>>> print(open('protein-v1.cif').read())   # mmCIF, C-alpha atoms and all ligand atoms
data_final
loop_
_atom_site.group_PDB
_atom_site.id
_atom_site.type_symbol
_atom_site.label_atom_id
_atom_site.label_comp_id
_atom_site.auth_asym_id
_atom_site.auth_seq_id
_atom_site.Cartn_x
_atom_site.Cartn_y
_atom_site.Cartn_z
ATOM 1 C CA MET M 1 -45.382 -38.370 45.364
ATOM 2 C CA GLY M 2 -43.471 -40.008 42.551
ATOM 3 C CA LYS M 3 -45.184 -38.262 39.620
ATOM 4 C CA ASP M 4 -42.539 -35.630 38.978
ATOM 5 C CA LYS M 5 -39.278 -37.417 39.610
ATOM 6 C CA ARG M 6 -37.537 -39.347 36.858
ATOM 7 C CA VAL M 7 -38.251 -43.069 37.138
ATOM 8 C CA ALA M 8 -35.491 -45.680 36.875
ATOM 9 C CA LEU M 9 -36.142 -49.412 36.484
ATOM 10 C CA VAL M 10 -33.303 -51.556 37.855
ATOM 11 C CA THR M 11 -33.324 -55.324 37.292
ATOM 12 C CA GLY M 12 -31.749 -57.579 39.913
ATOM 13 C CA ALA M 13 -32.248 -54.761 42.445
ATOM 14 C CA GLY M 14 -32.557 -56.971 45.528
ATOM 15 C CA GLN M 15 -28.867 -57.305 46.312
ATOM 16 C CA GLY M 16 -25.315 -56.712 45.160
ATOM 17 C CA ILE M 17 -24.676 -54.334 42.278
ATOM 18 C CA GLY M 18 -28.393 -53.757 41.574
ATOM 19 C CA ARG M 19 -28.891 -52.675 45.175
ATOM 20 C CA GLY M 20 -25.886 -50.331 44.914
ATOM 21 C CA ILE M 21 -27.235 -48.826 41.693
ATOM 22 C CA SER M 22 -30.714 -48.321 43.220
ATOM 23 C CA LEU M 23 -29.292 -46.473 46.236
ATOM 24 C CA GLU M 24 -27.044 -44.214 44.146
ATOM 25 C CA LEU M 25 -29.920 -43.379 41.772
ATOM 26 C CA ALA M 26 -32.160 -42.583 44.751
ATOM 27 C CA LYS M 27 -29.447 -40.286 46.176
ATOM 28 C CA ASN M 28 -29.576 -38.488 42.840
ATOM 29 C CA GLY M 29 -33.331 -37.944 42.990
ATOM 30 C CA PHE M 30 -34.715 -40.847 40.956
ATOM 31 C CA ASP M 31 -37.753 -42.903 41.907
ATOM 32 C CA ILE M 32 -36.919 -46.589 41.578
ATOM 33 C CA VAL M 33 -38.696 -49.655 40.242
ATOM 34 C CA GLY M 34 -36.746 -52.605 41.598
ATOM 35 C CA VAL M 35 -37.289 -55.918 39.807
ATOM 36 C CA ASP M 36 -36.025 -59.212 41.145
ATOM 37 C CA ILE M 37 -36.802 -62.891 40.756
ATOM 38 C CA VAL M 38 -36.571 -63.193 44.572
ATOM 39 C CA PHE M 39 -39.551 -61.479 46.232
ATOM 40 C CA GLU M 40 -40.082 -61.721 49.998
ATOM 41 C CA PRO M 41 -42.395 -58.947 51.249
ATOM 42 C CA GLY M 42 -41.977 -60.089 54.873
ATOM 43 C CA ASN M 43 -38.188 -59.822 54.772
ATOM 44 C CA LYS M 44 -36.859 -56.347 55.588
ATOM 45 C CA GLN M 45 -33.350 -57.569 56.502
ATOM 46 C CA GLU M 46 -32.296 -58.323 52.925
ATOM 47 C CA GLY M 47 -33.633 -58.367 49.398
ATOM 48 C CA LEU M 48 -35.980 -55.970 47.597
ATOM 49 C CA PHE M 49 -37.857 -54.895 50.749
ATOM 50 C CA GLU M 50 -34.647 -53.927 52.568
ATOM 51 C CA VAL M 51 -33.682 -51.854 49.520
ATOM 52 C CA LYS M 52 -37.171 -50.298 49.540
ATOM 53 C CA GLU M 53 -36.674 -49.061 53.124
ATOM 54 C CA ARG M 54 -33.244 -47.619 52.278
ATOM 55 C CA VAL M 55 -34.502 -45.878 49.135
ATOM 56 C CA GLU M 56 -37.504 -44.418 50.947
ATOM 57 C CA ALA M 57 -35.216 -43.119 53.706
ATOM 58 C CA LEU M 58 -33.444 -41.186 50.938
ATOM 59 C CA GLY M 59 -36.743 -39.519 49.979
ATOM 60 C CA SER M 60 -37.544 -41.489 46.826
ATOM 61 C CA THR M 61 -40.351 -43.905 45.977
ATOM 62 C CA PHE M 62 -39.486 -47.588 45.509
ATOM 63 C CA LEU M 63 -41.827 -49.974 43.691
ATOM 64 C CA PRO M 64 -40.745 -53.600 44.244
ATOM 65 C CA LEU M 65 -41.769 -55.986 41.469
ATOM 66 C CA GLN M 66 -41.295 -59.703 41.123
ATOM 67 C CA GLY M 67 -40.124 -60.827 37.723
ATOM 68 C CA ASP M 68 -37.776 -63.063 35.816
ATOM 69 C CA VAL M 69 -35.946 -61.005 33.187
ATOM 70 C CA SER M 70 -35.672 -64.047 30.940
ATOM 71 C CA SER M 71 -39.486 -64.382 30.747
ATOM 72 C CA LEU M 72 -41.094 -62.344 27.960
ATOM 73 C CA LYS M 73 -44.432 -62.648 29.771
ATOM 74 C CA ASP M 74 -42.971 -61.217 33.001
ATOM 75 C CA GLN M 75 -41.496 -58.365 30.966
ATOM 76 C CA GLU M 76 -44.981 -57.381 29.709
ATOM 77 C CA THR M 77 -46.340 -57.448 33.258
ATOM 78 C CA ILE M 78 -43.438 -55.366 34.563
ATOM 79 C CA LEU M 79 -43.896 -52.662 31.943
ATOM 80 C CA LYS M 80 -47.649 -52.528 32.575
ATOM 81 C CA GLN M 81 -47.156 -52.208 36.344
ATOM 82 C CA VAL M 82 -44.626 -49.400 35.895
ATOM 83 C CA LEU M 83 -46.921 -47.459 33.580
ATOM 84 C CA ASP M 84 -49.942 -47.992 35.847
ATOM 85 C CA ARG M 85 -47.998 -46.568 38.788
ATOM 86 C CA PHE M 86 -45.828 -43.849 37.257
ATOM 87 C CA GLY M 87 -47.050 -43.345 33.680
ATOM 88 C CA ARG M 88 -43.448 -43.108 32.473
ATOM 89 C CA ILE M 89 -40.052 -44.711 32.463
ATOM 90 C CA ASP M 90 -36.908 -42.626 32.114
ATOM 91 C CA VAL M 91 -34.044 -45.020 32.804
ATOM 92 C CA LEU M 92 -33.600 -48.756 32.316
ATOM 93 C CA VAL M 93 -30.658 -50.480 33.997
ATOM 94 C CA ASN M 94 -30.199 -54.034 32.731
ATOM 95 C CA ASN M 95 -28.318 -55.396 35.727
ATOM 96 C CA ALA M 96 -29.777 -58.830 36.597
ATOM 97 C CA GLY M 97 -27.454 -61.609 35.588
ATOM 98 C CA VAL M 98 -26.235 -65.015 36.648
ATOM 99 C CA ALA M 99 -22.955 -66.897 36.792
ATOM 100 C CA PRO M 100 -22.653 -70.587 35.874
ATOM 101 C CA GLU M 101 -23.882 -72.849 38.685
ATOM 102 C CA LYS M 102 -20.632 -74.747 38.309
ATOM 103 C CA ARG M 103 -17.431 -73.469 36.735
ATOM 104 C CA LEU M 104 -16.406 -75.953 34.041
ATOM 105 C CA ASP M 105 -13.599 -75.843 31.523
ATOM 106 C CA VAL M 106 -14.678 -74.648 28.072
ATOM 107 C CA LEU M 107 -13.986 -78.167 26.814
ATOM 108 C CA ASP M 108 -16.725 -79.418 29.171
ATOM 109 C CA THR M 109 -19.316 -76.568 29.127
ATOM 110 C CA THR M 110 -22.819 -78.064 29.038
ATOM 111 C CA PRO M 111 -25.566 -76.951 26.627
ATOM 112 C CA GLU M 112 -27.911 -76.504 29.647
ATOM 113 C CA SER M 113 -25.612 -74.015 31.356
ATOM 114 C CA TYR M 114 -24.934 -72.236 28.047
ATOM 115 C CA ASP M 115 -28.674 -71.834 27.358
ATOM 116 C CA ARG M 116 -29.387 -70.647 30.925
ATOM 117 C CA LEU M 117 -26.725 -67.955 30.802
ATOM 118 C CA LEU M 118 -27.582 -66.733 27.334
ATOM 119 C CA SER M 119 -31.270 -66.634 28.291
ATOM 120 C CA VAL M 120 -30.882 -64.581 31.501
ATOM 121 C CA ASN M 121 -27.827 -62.498 30.634
ATOM 122 C CA ALA M 122 -28.410 -61.702 26.958
ATOM 123 C CA ARG M 123 -31.801 -62.721 25.459
ATOM 124 C CA GLY M 124 -33.819 -61.407 28.427
ATOM 125 C CA PRO M 125 -32.192 -57.934 28.548
ATOM 126 C CA PHE M 126 -32.358 -57.683 24.730
ATOM 127 C CA PHE M 127 -36.150 -58.083 24.615
ATOM 128 C CA LEU M 128 -36.774 -56.089 27.809
ATOM 129 C CA THR M 129 -34.792 -53.256 26.241
ATOM 130 C CA GLN M 130 -36.774 -53.570 23.012
ATOM 131 C CA LYS M 131 -40.078 -53.199 24.922
ATOM 132 C CA ILE M 132 -38.928 -50.311 27.066
ATOM 133 C CA ALA M 133 -37.205 -48.539 24.176
ATOM 134 C CA ASN M 134 -40.505 -48.554 22.257
ATOM 135 C CA GLN M 135 -42.191 -46.980 25.295
ATOM 136 C CA MET M 136 -39.414 -44.383 25.564
ATOM 137 C CA VAL M 137 -39.814 -43.516 21.864
ATOM 138 C CA LYS M 138 -43.525 -42.808 22.495
ATOM 139 C CA GLN M 139 -42.680 -40.626 25.496
ATOM 140 C CA VAL M 140 -40.117 -38.610 23.529
ATOM 141 C CA ALA M 141 -42.640 -38.085 20.695
ATOM 142 C CA LYS M 142 -45.029 -36.482 23.214
ATOM 143 C CA ASN M 143 -42.354 -34.585 25.096
ATOM 144 C CA PRO M 144 -39.098 -34.011 23.161
ATOM 145 C CA GLY M 145 -37.508 -32.486 26.276
ATOM 146 C CA LEU M 146 -37.209 -35.902 27.924
ATOM 147 C CA LYS M 147 -33.794 -37.532 27.847
ATOM 148 C CA PRO M 148 -34.367 -41.219 28.618
ATOM 149 C CA CYS M 149 -31.404 -43.553 28.836
ATOM 150 C CA ILE M 150 -30.572 -47.233 28.985
ATOM 151 C CA VAL M 151 -27.586 -48.795 30.756
ATOM 152 C CA PHE M 152 -26.354 -52.345 30.256
ATOM 153 C CA ILE M 153 -24.300 -53.869 33.067
ATOM 154 C CA SER M 154 -22.068 -56.276 31.183
ATOM 155 C CA SER M 155 -18.662 -57.227 32.587
ATOM 156 C CA ILE M 156 -14.978 -57.132 31.772
ATOM 157 C CA SER M 157 -15.819 -60.703 30.668
ATOM 158 C CA ALA M 158 -17.296 -59.148 27.515
ATOM 159 C CA SER M 159 -13.706 -58.997 26.281
ATOM 160 C CA VAL M 160 -11.558 -60.899 28.815
ATOM 161 C CA SER M 161 -11.346 -64.689 28.427
ATOM 162 C CA SER M 162 -12.049 -67.005 31.391
ATOM 163 C CA PRO M 163 -11.902 -70.585 30.054
ATOM 164 C CA SER M 164 -13.617 -71.899 33.219
ATOM 165 C CA ARG M 165 -16.835 -69.937 32.491
ATOM 166 C CA ALA M 166 -16.933 -69.520 28.743
ATOM 167 C CA GLU M 167 -20.726 -69.297 28.611
ATOM 168 C CA TYR M 168 -20.632 -66.277 30.962
ATOM 169 C CA CYS M 169 -18.069 -64.544 28.714
ATOM 170 C CA VAL M 170 -20.110 -65.291 25.592
ATOM 171 C CA SER M 171 -23.305 -63.968 27.220
ATOM 172 C CA LYS M 172 -21.595 -60.722 28.235
ATOM 173 C CA ALA M 173 -20.055 -60.229 24.778
ATOM 174 C CA ALA M 174 -23.577 -60.614 23.328
ATOM 175 C CA LEU M 175 -24.910 -58.065 25.815
ATOM 176 C CA SER M 176 -22.128 -55.657 24.886
ATOM 177 C CA GLN M 177 -23.084 -55.827 21.215
ATOM 178 C CA ALA M 178 -26.768 -55.373 22.128
ATOM 179 C CA ALA M 179 -25.814 -52.130 23.895
ATOM 180 C CA ARG M 180 -23.992 -50.901 20.793
ATOM 181 C CA VAL M 181 -26.843 -51.723 18.397
ATOM 182 C CA PHE M 182 -29.516 -50.120 20.609
ATOM 183 C CA ALA M 183 -27.268 -47.048 21.041
ATOM 184 C CA ASP M 184 -27.031 -46.755 17.273
ATOM 185 C CA ARG M 185 -30.750 -47.236 16.592
ATOM 186 C CA LEU M 186 -32.050 -45.027 19.410
ATOM 187 C CA SER M 187 -29.674 -42.116 18.823
ATOM 188 C CA GLU M 188 -32.190 -40.357 16.527
ATOM 189 C CA TYR M 189 -34.670 -40.164 19.419
ATOM 190 C CA GLY M 190 -32.212 -38.695 21.905
ATOM 191 C CA ILE M 191 -32.255 -41.942 23.902
ATOM 192 C CA ASN M 192 -28.683 -42.608 24.995
ATOM 193 C CA VAL M 193 -27.450 -46.130 25.635
ATOM 194 C CA TYR M 194 -24.355 -47.023 27.642
ATOM 195 C CA GLU M 195 -22.458 -50.118 28.696
ATOM 196 C CA VAL M 196 -20.845 -50.412 32.133
ATOM 197 C CA ARG M 197 -18.313 -53.202 32.585
ATOM 198 C CA PRO M 198 -17.655 -54.046 36.235
ATOM 199 C CA GLY M 199 -14.420 -55.812 37.128
ATOM 200 C CA ILE M 200 -14.216 -57.840 40.346
ATOM 201 C CA ILE M 201 -16.981 -56.605 42.635
ATOM 202 C CA GLN M 202 -17.649 -57.879 46.151
ATOM 203 C CA THR M 203 -21.129 -59.450 46.021
ATOM 204 C CA ASP M 204 -22.733 -62.864 46.502
ATOM 205 C CA MET M 205 -21.804 -63.679 42.907
ATOM 206 C CA THR M 206 -18.087 -63.521 43.716
ATOM 207 C CA ALA M 207 -18.422 -64.970 47.253
ATOM 208 C CA PRO M 208 -17.434 -68.504 46.165
ATOM 209 C CA VAL M 209 -14.121 -67.210 44.739
ATOM 210 C CA ARG M 210 -13.378 -64.527 47.359
ATOM 211 C CA GLU M 211 -10.146 -66.063 48.691
ATOM 212 C CA LYS M 212 -8.813 -66.726 45.204
ATOM 213 C CA TYR M 213 -9.431 -63.103 44.173
ATOM 214 C CA ASP M 214 -8.123 -61.714 47.503
ATOM 215 C CA LYS M 215 -4.749 -63.181 46.593
ATOM 216 C CA LEU M 216 -4.825 -62.178 42.922
ATOM 217 C CA ILE M 217 -5.789 -58.589 43.775
ATOM 218 C CA VAL M 218 -2.858 -58.218 46.186
ATOM 219 C CA GLN M 219 -0.563 -59.758 43.568
ATOM 220 C CA GLY M 220 -1.469 -56.967 41.133
ATOM 221 C CA LEU M 221 -4.337 -58.337 39.014
ATOM 222 C CA VAL M 222 -6.179 -55.112 39.850
ATOM 223 C CA PRO M 223 -3.906 -52.037 39.514
ATOM 224 C CA GLN M 224 -5.902 -50.146 42.176
ATOM 225 C CA LYS M 225 -5.324 -53.138 44.475
ATOM 226 C CA ARG M 226 -8.768 -53.431 46.010
ATOM 227 C CA TRP M 227 -12.108 -55.101 45.424
ATOM 228 C CA GLY M 228 -14.761 -53.064 43.690
ATOM 229 C CA PHE M 229 -17.981 -52.419 45.611
ATOM 230 C CA PRO M 230 -21.564 -52.095 44.382
ATOM 231 C CA GLU M 231 -21.480 -48.362 45.065
ATOM 232 C CA ASP M 232 -18.535 -47.967 42.655
ATOM 233 C CA VAL M 233 -20.781 -49.261 39.873
ATOM 234 C CA GLY M 234 -23.789 -47.343 41.241
ATOM 235 C CA LYS M 235 -21.972 -44.017 41.091
ATOM 236 C CA ALA M 236 -20.996 -44.578 37.443
ATOM 237 C CA VAL M 237 -24.580 -45.496 36.516
ATOM 238 C CA ALA M 238 -26.009 -42.474 38.362
ATOM 239 C CA SER M 239 -23.643 -40.190 36.482
ATOM 240 C CA LEU M 240 -24.783 -41.649 33.145
ATOM 241 C CA ALA M 241 -28.466 -41.507 34.138
ATOM 242 C CA LYS M 242 -28.177 -37.846 35.200
ATOM 243 C CA GLY M 243 -26.922 -36.984 31.730
ATOM 244 C CA ASP M 244 -23.309 -36.156 32.572
ATOM 245 C CA PHE M 245 -22.272 -37.992 29.382
ATOM 246 C CA GLY M 246 -25.034 -36.623 27.190
ATOM 247 C CA TYR M 247 -22.894 -36.417 24.028
ATOM 248 C CA SER M 248 -21.443 -39.926 24.381
ATOM 249 C CA THR M 249 -24.078 -42.473 23.454
ATOM 250 C CA GLY M 250 -22.562 -45.940 22.982
ATOM 251 C CA LEU M 251 -19.931 -45.199 25.630
ATOM 252 C CA VAL M 252 -18.352 -48.199 27.366
ATOM 253 C CA ILE M 253 -17.115 -47.526 30.911
ATOM 254 C CA GLU M 254 -15.005 -50.006 32.851
ATOM 255 C CA VAL M 255 -15.405 -49.943 36.614
ATOM 256 C CA SER M 256 -12.554 -52.302 37.314
ATOM 257 C CA GLY M 257 -9.807 -50.545 39.252
ATOM 258 C CA GLY M 258 -7.685 -50.288 36.114
ATOM 259 C CA MET M 259 -7.948 -53.856 34.795
ATOM 260 C CA ASN M 260 -8.370 -52.277 31.381
ATOM 261 C CA ILE M 261 -4.700 -51.195 31.466
ATOM 262 C CA ARG M 262 -2.390 -53.566 29.605
ATOM 263 C CA HIS M 263 0.997 -53.552 31.255
ATOM 264 C CA LEU M 264 4.392 -55.193 31.015
HETATM 265 P P1 LIG Q 1 -25.761 -61.061 42.602
HETATM 266 O O1 LIG Q 1 -25.905 -62.526 42.330
HETATM 267 O O2 LIG Q 1 -25.247 -60.606 43.912
HETATM 268 O O3 LIG Q 1 -27.178 -60.338 42.370
HETATM 269 C C1 LIG Q 1 -27.951 -60.575 41.217
HETATM 270 C C2 LIG Q 1 -29.401 -60.189 41.492
HETATM 271 O O4 LIG Q 1 -30.145 -60.484 40.295
HETATM 272 C C3 LIG Q 1 -30.038 -61.019 42.614
HETATM 273 O O5 LIG Q 1 -30.830 -60.194 43.434
HETATM 274 C C4 LIG Q 1 -30.855 -62.058 41.860
HETATM 275 O O6 LIG Q 1 -31.963 -62.546 42.598
HETATM 276 C C5 LIG Q 1 -31.285 -61.272 40.631
HETATM 277 N N1 LIG Q 1 -31.601 -62.141 39.494
HETATM 278 C C6 LIG Q 1 -30.935 -63.241 39.072
HETATM 279 N N2 LIG Q 1 -31.547 -63.785 38.020
HETATM 280 C C7 LIG Q 1 -32.629 -63.027 37.757
HETATM 281 C C8 LIG Q 1 -33.665 -63.076 36.798
HETATM 282 N N3 LIG Q 1 -33.718 -64.066 35.888
HETATM 283 N N4 LIG Q 1 -34.612 -62.117 36.805
HETATM 284 C C9 LIG Q 1 -34.584 -61.131 37.737
HETATM 285 N N5 LIG Q 1 -33.639 -61.031 38.677
HETATM 286 C C10 LIG Q 1 -32.678 -61.962 38.698
HETATM 287 O O7 LIG Q 1 -24.882 -60.525 41.398
HETATM 288 P P2 LIG Q 1 -24.051 -59.150 41.235
HETATM 289 O O8 LIG Q 1 -22.645 -59.435 41.507
HETATM 290 O O9 LIG Q 1 -24.741 -58.044 41.944
HETATM 291 O O10 LIG Q 1 -24.187 -58.958 39.654
HETATM 292 C C11 LIG Q 1 -25.075 -58.037 39.044
HETATM 293 C C12 LIG Q 1 -24.700 -57.924 37.572
HETATM 294 O O11 LIG Q 1 -23.354 -57.473 37.451
HETATM 295 C C13 LIG Q 1 -24.768 -59.251 36.802
HETATM 296 O O12 LIG Q 1 -25.243 -59.025 35.498
HETATM 297 C C14 LIG Q 1 -23.317 -59.692 36.769
HETATM 298 O O13 LIG Q 1 -23.047 -60.541 35.665
HETATM 299 C C15 LIG Q 1 -22.626 -58.355 36.627
HETATM 300 N N6 LIG Q 1 -21.221 -58.375 37.057
HETATM 301 C C16 LIG Q 1 -20.867 -58.730 38.324
HETATM 302 C C17 LIG Q 1 -19.517 -58.718 38.682
HETATM 303 C C18 LIG Q 1 -19.034 -59.078 40.057
HETATM 304 O O14 LIG Q 1 -17.798 -59.175 40.250
HETATM 305 N N7 LIG Q 1 -19.883 -59.265 41.030
HETATM 306 C C19 LIG Q 1 -18.560 -58.358 37.730
HETATM 307 C C20 LIG Q 1 -18.957 -58.031 36.457
HETATM 308 C C21 LIG Q 1 -20.300 -58.024 36.126
#
>>> encode(input="protein-v1.cif", output="C-alpha cells")
Amino acid sequence: MGKDKRVALVTGAGQGIGRGISLELAKNGFDIVGVDIVFEPGNKQEGLFEVKERVEALGSTFLPLQGDVSSLKDQETILKQVLDRFGRIDVLVNNAGVAPEKRLDVLDTTPESYDRLLSVNARGPFFLTQKIANQMVKQVAKNPGLKPCIVFISSISASVSSPSRAEYCVSKAALSQAARVFADRLSEYGINVYEVRPGIIQTDMTAPVREKYDKLIVQGLVPQKRWGFPEDVGKAVASLAKGDFGYSTGLVIEVSGGMNIRHL
C-alpha cells in the first residue's frame, strides 16, 4: 500500500490548519507525510498520531515524522525518510508556522522574536522548498507525466498590517514572495506553485484572541460573518493539489470569508 497514490508532505500536520489539510488531502486519495515539531507516539487523542488514525480510516497511508522546519539538518532527514518509504514526493504543503510569543507594538518588537518568526515562517520553508523542488525536478525528468505541486500557507498578514505583530506580517510577506519566485522558476518543469492566504481561522494559534475576534467578526470585519475552519483551508489546498488550477501557477487564493473585499 502507498506505492501508487500521490504523496503529499504537510508540515505542522499535528493540529489546526495542517490537520485540516491532511484530512482533506486524504479524502482526495493522497498518502500523507505529516511533519511536526511535537511528536508523541503514545498520544492518540491529539497531535500527529490522532491525525494518523483519522487519515488511515479514510483509506490512506500516514507517515508521521518529527522535525523542525527551521532546521536544515531536520529537512535533510525528512526528505530521506520520505524517499526511503515512498520513493517519491508529489505535493509539498508549507503550513507550519508560529505567531509571536507576545504581541508587542512595532515600536517595541524584539530582535529575538523577529529572528524566531523569520526563521520558522520564512527561512525554513524557503530551504525546505528548495530541497523538495530539486527532488521534484528529478522525478519529472524521469516521468514527464507527473504534475507535482507546492503550496505555501501564508496569511492575509502578507499584505494586511497588524502593528502589534509586525514580525509575523514581515515573515508572511517574505513567504509570499518565495511562493512567487519558486512558481516562476519551476514553471518550466510543470511544477506549479500556489499561495493560500487564510484569514481568521479557529485554531490554537487564534485561541488567545478568540473573544476579540468573535466581536470583530460580528461587527463586520469578515463579510461572511463567521470564523474560518481548518477544513476551509484544507479544501482549497486539496483542489490545488488535485490539479484543478493546472493553468494558474503563481495563483494566490484568499480563504478569508471575503476580507479581501475593500468596502465603504
Ligand atoms: P497552530 O499553532 O494551531 O498549529 C501549528 C502546527 O505547526 C502545530 O502542530 C505546531 O506544533 C507545528 N509547528 C510549529 N512550529 C514548527 C516547526 N518549527 N517545525 C514543525 N512544526 C512546527 O497554527 P495554525 O493556526 O494551524 O496555523 C498553521 C499555519 O497557518 C501557520 O503558518 C499560520 O501562520 C497560518 N495561518 C493561520 C491563521 C489562523 O487564523 N489560525 C491565519 C492565517 C495563517
>>> residues_near_ligand(input="protein-v1.cif", ligand="ligand LIG 1 (chain Q)", cutoff="7 Å", atoms="only C-alpha atoms and all ligand atoms", output="compact mmCIF listing (two decimals) with C-alpha atoms, keeping the file's coordinate frame")
# COMPACT_ATOMS: atom_id res chain seq x y z
CA THR M 11 -33.32 -55.32 37.29
CA GLY M 12 -31.75 -57.58 39.91
CA ALA M 13 -32.25 -54.76 42.44
CA GLY M 14 -32.56 -56.97 45.53
CA GLN M 15 -28.87 -57.30 46.31
CA GLY M 16 -25.32 -56.71 45.16
CA ILE M 17 -24.68 -54.33 42.28
CA GLY M 18 -28.39 -53.76 41.57
CA VAL M 35 -37.29 -55.92 39.81
CA ASP M 36 -36.02 -59.21 41.14
CA ILE M 37 -36.80 -62.89 40.76
CA VAL M 38 -36.57 -63.19 44.57
CA GLY M 47 -33.63 -58.37 49.40
CA GLY M 67 -40.12 -60.83 37.72
CA ASP M 68 -37.78 -63.06 35.82
CA VAL M 69 -35.95 -61.00 33.19
CA SER M 70 -35.67 -64.05 30.94
CA ASN M 95 -28.32 -55.40 35.73
CA ALA M 96 -29.78 -58.83 36.60
CA GLY M 97 -27.45 -61.61 35.59
CA VAL M 98 -26.24 -65.02 36.65
CA ALA M 99 -22.96 -66.90 36.79
CA VAL M 120 -30.88 -64.58 31.50
CA ASN M 121 -27.83 -62.50 30.63
CA ILE M 153 -24.30 -53.87 33.07
CA SER M 154 -22.07 -56.28 31.18
CA SER M 155 -18.66 -57.23 32.59
CA ILE M 156 -14.98 -57.13 31.77
CA ARG M 197 -18.31 -53.20 32.58
CA PRO M 198 -17.66 -54.05 36.24
CA GLY M 199 -14.42 -55.81 37.13
CA ILE M 200 -14.22 -57.84 40.35
CA ILE M 201 -16.98 -56.60 42.64
CA GLN M 202 -17.65 -57.88 46.15
CA THR M 203 -21.13 -59.45 46.02
CA ASP M 204 -22.73 -62.86 46.50
CA MET M 205 -21.80 -63.68 42.91
CA THR M 206 -18.09 -63.52 43.72
>>> residues_around(input="protein-v1.cif", residues="range 161-175 of chain M", least_positions_apart="2", cutoff="9 Å", atoms="all atoms listed in the file", output="tab-separated table (two decimals) with C-alpha atoms, keeping the file's coordinate frame")
chain	number	residue	atom	x	y	z
M	98	VAL	CA	-26.24	-65.02	36.65
M	99	ALA	CA	-22.96	-66.90	36.79
M	100	PRO	CA	-22.65	-70.59	35.87
M	102	LYS	CA	-20.63	-74.75	38.31
M	103	ARG	CA	-17.43	-73.47	36.74
M	104	LEU	CA	-16.41	-75.95	34.04
M	105	ASP	CA	-13.60	-75.84	31.52
M	106	VAL	CA	-14.68	-74.65	28.07
M	107	LEU	CA	-13.99	-78.17	26.81
M	109	THR	CA	-19.32	-76.57	29.13
M	113	SER	CA	-25.61	-74.02	31.36
M	114	TYR	CA	-24.93	-72.24	28.05
M	115	ASP	CA	-28.67	-71.83	27.36
M	117	LEU	CA	-26.72	-67.96	30.80
M	118	LEU	CA	-27.58	-66.73	27.33
M	119	SER	CA	-31.27	-66.63	28.29
M	120	VAL	CA	-30.88	-64.58	31.50
M	121	ASN	CA	-27.83	-62.50	30.63
M	122	ALA	CA	-28.41	-61.70	26.96
M	123	ARG	CA	-31.80	-62.72	25.46
M	125	PRO	CA	-32.19	-57.93	28.55
M	126	PHE	CA	-32.36	-57.68	24.73
M	152	PHE	CA	-26.35	-52.34	30.26
M	153	ILE	CA	-24.30	-53.87	33.07
M	154	SER	CA	-22.07	-56.28	31.18
M	155	SER	CA	-18.66	-57.23	32.59
M	156	ILE	CA	-14.98	-57.13	31.77
M	157	SER	CA	-15.82	-60.70	30.67
M	158	ALA	CA	-17.30	-59.15	27.52
M	159	SER	CA	-13.71	-59.00	26.28
M	177	GLN	CA	-23.08	-55.83	21.22
M	178	ALA	CA	-26.77	-55.37	22.13
M	179	ALA	CA	-25.81	-52.13	23.90
M	180	ARG	CA	-23.99	-50.90	20.79
M	195	GLU	CA	-22.46	-50.12	28.70
>>> closest_residue(input="protein-v1.cif", among="M:Ala8, M:Ala26, M:Val196, M:Val93", to="Val55 in chain M", atoms="only C-alpha atoms")
M:Ala26
>>> resolve_selection(input="protein-v1.cif", expression="the PyMOL selection byres (((chain M and resi 259) around 12) and not hetatm)", output="ChimeraX atom specification")
/M:155-157,159-160,197-200,217,220-228,253-258,260-263
>>> residues_around(input="protein-v1.cif", residues="Glu76 in chain M", least_positions_apart="4", cutoff="9 Å", atoms="all atoms listed in the file", output="ChimeraX atom specification")
/M:71-72,80-81,128,131
>>> atom_distance(input="protein-v1.cif", atom1="CA of Ile32 in chain M", atom2="CA of Leu63 in chain M")
6.3 Å
>>> atom_distance(input="protein-v1.cif", atom1="CA of Met136 in chain M", atom2="CA of Gly250 in chain M")
17.1 Å
>>> atom_distance(input="protein-v1.cif", atom1="CA of Gly145 in chain M", atom2="CA of Gly243 in chain M")
12.7 Å
>>> resolve_selection(input="protein-v1.cif", expression="the PyMOL selection byres (((chain M and resi 247) around 12) and not hetatm)", output="list in words")
Lys147, Ala183, Ser187, Gly190, Ile191, Asn192, Val193, Tyr194, Leu240, Gly243, Asp244, Phe245, Gly246, Ser248, Thr249, Gly250 and Leu251 of chain M
>>> axis_aligned_box(input="protein-v1.cif", around="range 12-18 of chain M", padding_each_side="5 Å", output="lines of an AutoDock Vina configuration file")
center_x = -28.6
center_y = -55.7
center_z = 43.1
size_x = 17.9
size_y = 13.8
size_z = 16.4
>>> closest_residue(input="protein-v1.cif", among="M:Val10, M:Lys5, M:Asn28, M:Pro111", to="Lys235 in chain M", atoms="all atoms listed in the file")
M:Asn28
>>> closest_residue(input="protein-v1.cif", among="M:Tyr189, M:Gly87, M:Ser22, M:Asp31", to="Pro144 in chain M", atoms="only C-alpha atoms")
M:Tyr189
>>> residues_around(input="protein-v1.cif", residues="Val7 in chain M", least_positions_apart="4", cutoff="12 Å", atoms="all atoms listed in the file", output="number ranges by chain")
M: 1-3, 22, 25-26, 28-34, 60-63, 82-83, 85-93, 136, 146-150, 241-242
>>> closest_residue(input="protein-v1.cif", among="M:Phe182, M:Glu101, M:Glu112, M:Leu79", to="Ile132 in chain M", atoms="only C-alpha atoms")
M:Leu79
>>> closest_residue(input="protein-v1.cif", among="M:Asp84, M:Glu211, M:Asp74, M:Asp232", to="Gly124 in chain M", atoms="all atoms listed in the file")
M:Asp74
>>> resolve_selection(input="protein-v1.cif", expression="the PyMOL selection byres (((chain M and resi 231) around 9) and not hetatm)", output="ChimeraX atom specification")
/M:17,19-21,23-24,228-230,232-236
>>> write_last_selection(input="protein-v1.cif", atoms="C-alpha atoms", output="short mmCIF file (atom, residue, chain, number, x, y, z; two decimals), keeping the file's coordinate frame")
data_model
loop_
_atom_site.label_atom_id
_atom_site.label_comp_id
_atom_site.auth_asym_id
_atom_site.auth_seq_id
_atom_site.Cartn_x
_atom_site.Cartn_y
_atom_site.Cartn_z
CA ILE M 17 -24.68 -54.33 42.28
CA ARG M 19 -28.89 -52.68 45.18
CA GLY M 20 -25.89 -50.33 44.91
CA ILE M 21 -27.24 -48.83 41.69
CA LEU M 23 -29.29 -46.47 46.24
CA GLU M 24 -27.04 -44.21 44.15
CA GLY M 228 -14.76 -53.06 43.69
CA PHE M 229 -17.98 -52.42 45.61
CA PRO M 230 -21.56 -52.10 44.38
CA ASP M 232 -18.54 -47.97 42.66
CA VAL M 233 -20.78 -49.26 39.87
CA GLY M 234 -23.79 -47.34 41.24
CA LYS M 235 -21.97 -44.02 41.09
CA ALA M 236 -21.00 -44.58 37.44
#
